[in-house]
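Raw coords31.txt, compact mmCIF, C-alpha atoms:
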# COMPACT_ATOMS: atom_id res chain seq x y z
CA MET X 90 -1.72 -2.88 7.25
CA ALA X 91 0.77 -4.84 9.36
CA ALA X 92 0.98 -7.59 6.75
CA HIS X 93 1.67 -5.06 3.99
CA THR X 94 4.31 -3.34 6.11
CA ALA X 95 6.04 -6.66 6.74
CA LEU X 96 5.94 -7.43 3.01
CA ALA X 97 7.31 -3.98 2.13
CA LYS X 98 10.21 -4.47 4.54
CA GLN X 99 11.01 -7.81 2.90
CA PHE X 100 11.31 -5.95 -0.40
CA GLY X 101 13.71 -3.44 1.12
CA VAL X 102 11.42 -0.50 1.86
CA THR X 103 12.99 1.54 4.64
CA GLU X 104 11.31 2.33 7.95
CA GLU X 105 11.69 6.03 7.09
CA LEU X 106 9.69 5.61 3.89
CA LEU X 107 7.02 3.52 5.62
CA ASP X 108 6.67 6.21 8.30
CA ALA X 109 6.47 8.87 5.60
CA LEU X 110 3.40 7.18 4.15
CA TYR X 111 1.49 8.20 7.27
CA HIS X 112 2.61 11.83 6.89
CA ILE X 113 2.88 12.33 3.14
CA ASP X 114 2.13 16.06 3.36
CA THR X 115 5.28 16.69 5.39
CA HIS X 116 7.42 14.05 3.66
CA SER X 117 6.44 14.51 0.01
CA HIS X 118 10.09 15.14 -0.87
CA LEU X 119 10.72 11.40 -0.37
CA PHE X 120 8.39 10.49 -3.24
CA THR X 121 8.45 11.10 -6.98
CA GLY X 122 5.60 12.89 -8.71
CA SER X 123 4.28 9.61 -10.11
CA GLU X 124 4.41 7.98 -6.66
CA LEU X 125 2.51 10.89 -5.13
CA ALA X 126 -0.15 10.64 -7.85
CA ALA X 127 -0.51 6.89 -7.30
CA LEU X 128 -0.65 7.35 -3.52
CA ARG X 129 -3.34 10.02 -3.87
CA PHE X 130 -5.28 7.64 -6.14
CA ALA X 131 -4.91 4.87 -3.56
CA GLU X 132 -6.11 7.12 -0.74
CA ILE X 133 -9.17 8.27 -2.66
CA MET X 134 -10.03 4.80 -3.95
CA THR X 135 -9.79 3.48 -0.41
CA THR X 136 -11.75 6.19 1.37
CA GLY X 137 -14.29 7.24 -1.26
CA ALA X 138 -13.85 5.79 -4.74
CA ARG X 139 -16.64 8.00 -6.13
CA ASP X 140 -14.43 11.00 -5.31
CA VAL X 141 -12.00 10.23 -8.14
CA ASP X 142 -12.38 13.41 -10.18
CA GLU X 143 -11.06 14.94 -13.40
CA SER X 144 -8.19 16.62 -11.55
CA LEU X 145 -6.92 13.30 -10.21
CA TRP X 146 -7.47 11.62 -13.57
CA ASP X 147 -5.42 14.34 -15.29
CA GLU X 148 -2.66 13.95 -12.70
CA LEU X 149 -2.56 10.18 -13.23
CA GLN X 150 -2.52 10.55 -17.02
CA ALA X 151 0.48 12.88 -16.73
CA TYR X 152 2.51 9.93 -15.41
CA PHE X 153 0.76 6.74 -16.54
CA ASP X 154 -0.93 5.39 -19.64
CA ASP X 155 -4.46 3.94 -19.41
CA GLY X 156 -3.19 0.37 -18.98
CA GLU X 157 -0.95 1.39 -16.10
CA ILE X 158 -3.81 3.24 -14.42
CA VAL X 159 -5.99 0.13 -14.69
CA GLU X 160 -3.15 -1.94 -13.22
CA ILE X 161 -2.68 0.51 -10.32
CA ALA X 162 -6.45 0.51 -9.66
CA THR X 163 -6.46 -3.29 -9.68
CA VAL X 164 -3.63 -3.49 -7.16
CA ILE X 165 -5.31 -0.89 -4.93
CA GLY X 166 -8.61 -2.79 -5.09
CA LEU X 167 -6.92 -6.11 -4.40
CA PHE X 168 -5.05 -4.80 -1.36
CA ASN X 169 -8.24 -3.15 -0.06
CA PHE X 170 -9.86 -6.58 -0.34
CA PHE X 171 -6.94 -8.21 1.51
CA ASN X 172 -7.23 -5.64 4.32
CA ARG X 173 -10.98 -6.11 4.74
CA TYR X 174 -10.69 -9.89 4.55
CA ALA X 175 -7.88 -10.03 7.12
CA ASP X 176 -9.65 -7.56 9.42
CA ALA X 177 -12.95 -9.48 9.27
CA LEU X 178 -11.21 -12.77 10.08
CA GLN X 179 -8.80 -11.10 12.54
CA LEU X 180 -5.81 -12.55 10.71
CA GLN X 181 -2.30 -11.61 11.81
CA PRO X 182 0.79 -11.51 9.58
CA PRO X 183 3.11 -14.52 9.92
CA GLN X 184 5.74 -14.27 12.63
CA LYS X 185 9.40 -13.82 11.71
CA GLU X 186 11.55 -16.91 11.71
CA LYS X 187 13.59 -17.55 14.84
CA ALA X 188 17.36 -17.11 14.75
CA THR X 189 17.79 -20.88 14.49
CA GLY X 190 15.91 -20.85 11.21
CA GLU X 191 12.87 -22.57 12.70
CA GLU X 192 9.51 -20.91 12.28
CA ASP X 193 7.44 -20.02 15.30
CA HIS X 194 4.21 -21.97 14.86
CA GLY X 195 2.89 -21.28 18.34
CA ASN X 196 1.27 -24.06 20.33
CA GLN X 197 0.73 -26.91 17.91
Spit out the file's structure as structure tokens when you get a sec.
Amino acid sequence: MAAHTALAKQFGVTEELLDALYHIDTHSHLFTGSELAALRFAEIMTTGARDVDESLWDELQAYFDDGEIVEIATVIGLFNFFNRYADALQLQPPQKEKATGEEDHGNQ
């Protein structure tokens, strides 16, 4: 998740919004209806993909066409793969560049 958080910050996502992702129930006002539907889809696909039911499908179809739903599912699946791959190989996100503009490459 750390790599995705770092990427989100690079794209301008605020710390408040990132924190809200961990407590969506109490911060739902920060998200649109379509974002909440997509986040619910992501949660269910990640924790138990067979639990995607008609209720969720109806919610998604209220905001997205079939092509968009396929695209969202593809992104969710891809990022689930990235997480599992990075966890299995114990990969860490790249370090931020130093103030001098030089990257920190560790002991090389």
Could you make a table, as a Markdown table, of the residues of region 108-150 of chain X that have an atom within 12 Å of an atom of region 158-180 of chain X, each with its nearest atom pair and distance in Å to one decimal, counting all atoms listed in the file, in chain and number order?
| residue | atom | partner | partner_atom | distance |
| --- | --- | --- | --- | --- |
| X:Ser123 | CA | X:Ile158 | CA | 11.2 |
| X:Glu124 | CA | X:Ile161 | CA | 10.9 |
| X:Ala126 | CA | X:Ile158 | CA | 10.6 |
| X:Ala127 | CA | X:Ile161 | CA | 7.4 |
| X:Leu128 | CA | X:Ile165 | CA | 9.6 |
| X:Arg129 | CA | X:Ile165 | CA | 11.1 |
| X:Phe130 | CA | X:Ala162 | CA | 8.0 |
| X:Ala131 | CA | X:Ile165 | CA | 5.9 |
| X:Glu132 | CA | X:Ile165 | CA | 9.1 |
| X:Ile133 | CA | X:Ile165 | CA | 10.2 |
| X:Met134 | CA | X:Ile165 | CA | 7.5 |
| X:Thr135 | CA | X:Asn169 | CA | 6.8 |
| X:Thr136 | CA | X:Asn169 | CA | 10.1 |
| X:Ala138 | CA | X:Gly166 | CA | 10.1 |
| X:Val141 | CA | X:Ala162 | CA | 11.3 |
| X:Leu145 | CA | X:Ile158 | CA | 11.3 |
| X:Trp146 | CA | X:Ile158 | CA | 9.2 |
| X:Asp147 | CA | X:Ile158 | CA | 11.2 |
| X:Glu148 | CA | X:Ile158 | CA | 10.9 |
| X:Leu149 | CA | X:Ile158 | CA | 7.2 |
| X:Gln150 | CA | X:Ile158 | CA | 7.9 |
How about saving the chosen residues, C-alpha atoms kept, as a PDB file, in the coordinates of the input?
ATOM      1  CA  SER X 123       4.280   9.610 -10.110  1.00  0.00           C
ATOM      2  CA  GLU X 124       4.410   7.980  -6.660  1.00  0.00           C
ATOM      3  CA  ALA X 126      -0.150  10.640  -7.850  1.00  0.00           C
ATOM      4  CA  ALA X 127      -0.510   6.890  -7.300  1.00  0.00           C
ATOM      5  CA  LEU X 128      -0.650   7.350  -3.520  1.00  0.00           C
ATOM      6  CA  ARG X 129      -3.340  10.020  -3.870  1.00  0.00           C
ATOM      7  CA  PHE X 130      -5.280   7.640  -6.140  1.00  0.00           C
ATOM      8  CA  ALA X 131      -4.910   4.870  -3.560  1.00  0.00           C
ATOM      9  CA  GLU X 132      -6.110   7.120  -0.740  1.00  0.00           C
ATOM     10  CA  ILE X 133      -9.170   8.270  -2.660  1.00  0.00           C
ATOM     11  CA  MET X 134     -10.030   4.800  -3.950  1.00  0.00           C
ATOM     12  CA  THR X 135      -9.790   3.480  -0.410  1.00  0.00           C
ATOM     13  CA  THR X 136     -11.750   6.190   1.370  1.00  0.00           C
ATOM     14  CA  ALA X 138     -13.850   5.790  -4.740  1.00  0.00           C
ATOM     15  CA  VAL X 141     -12.000  10.230  -8.140  1.00  0.00           C
ATOM     16  CA  LEU X 145      -6.920  13.300 -10.210  1.00  0.00           C
ATOM     17  CA  TRP X 146      -7.470  11.620 -13.570  1.00  0.00           C
ATOM     18  CA  ASP X 147      -5.420  14.340 -15.290  1.00  0.00           C
ATOM     19  CA  GLU X 148      -2.660  13.950 -12.700  1.00  0.00           C
ATOM     20  CA  LEU X 149      -2.560  10.180 -13.230  1.00  0.00           C
ATOM     21  CA  GLN X 150      -2.520  10.550 -17.020  1.00  0.00           C
TER      22      GLN X 150
END
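Interatomic distance, CA of His112 (chain X) against CA of Phe100 (chain X): 21.1 Å.
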For a test of reading the model, state the distance in Å between CA of Pro182 (chain X) and CA of Ala95 (chain X), rounded to one decimal.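 For CA of Pro182 (chain X) relative to CA of Ala95 (chain X), the distance reads 7.7 Å.
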Specify the axis-aligned box that encloses all atoms of region 139-150 of chain X listed in the file after padding of 5 Å on each side, stating its centre and edge lengths in Å to one decimal as AutoDock Vina command-line options.
--center_x -9.6 --center_y 12.3 --center_z -11.2 --size_x 24.1 --size_y 18.6 --size_z 21.7
Rounded to one decimal place, report the CA of Gly101 (chain X)-CA of Thr115 (chain X) distance in Å.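 Atom-to-atom, CA of Gly101 (chain X) to CA of Thr115 (chain X), that is 22.2 Å.
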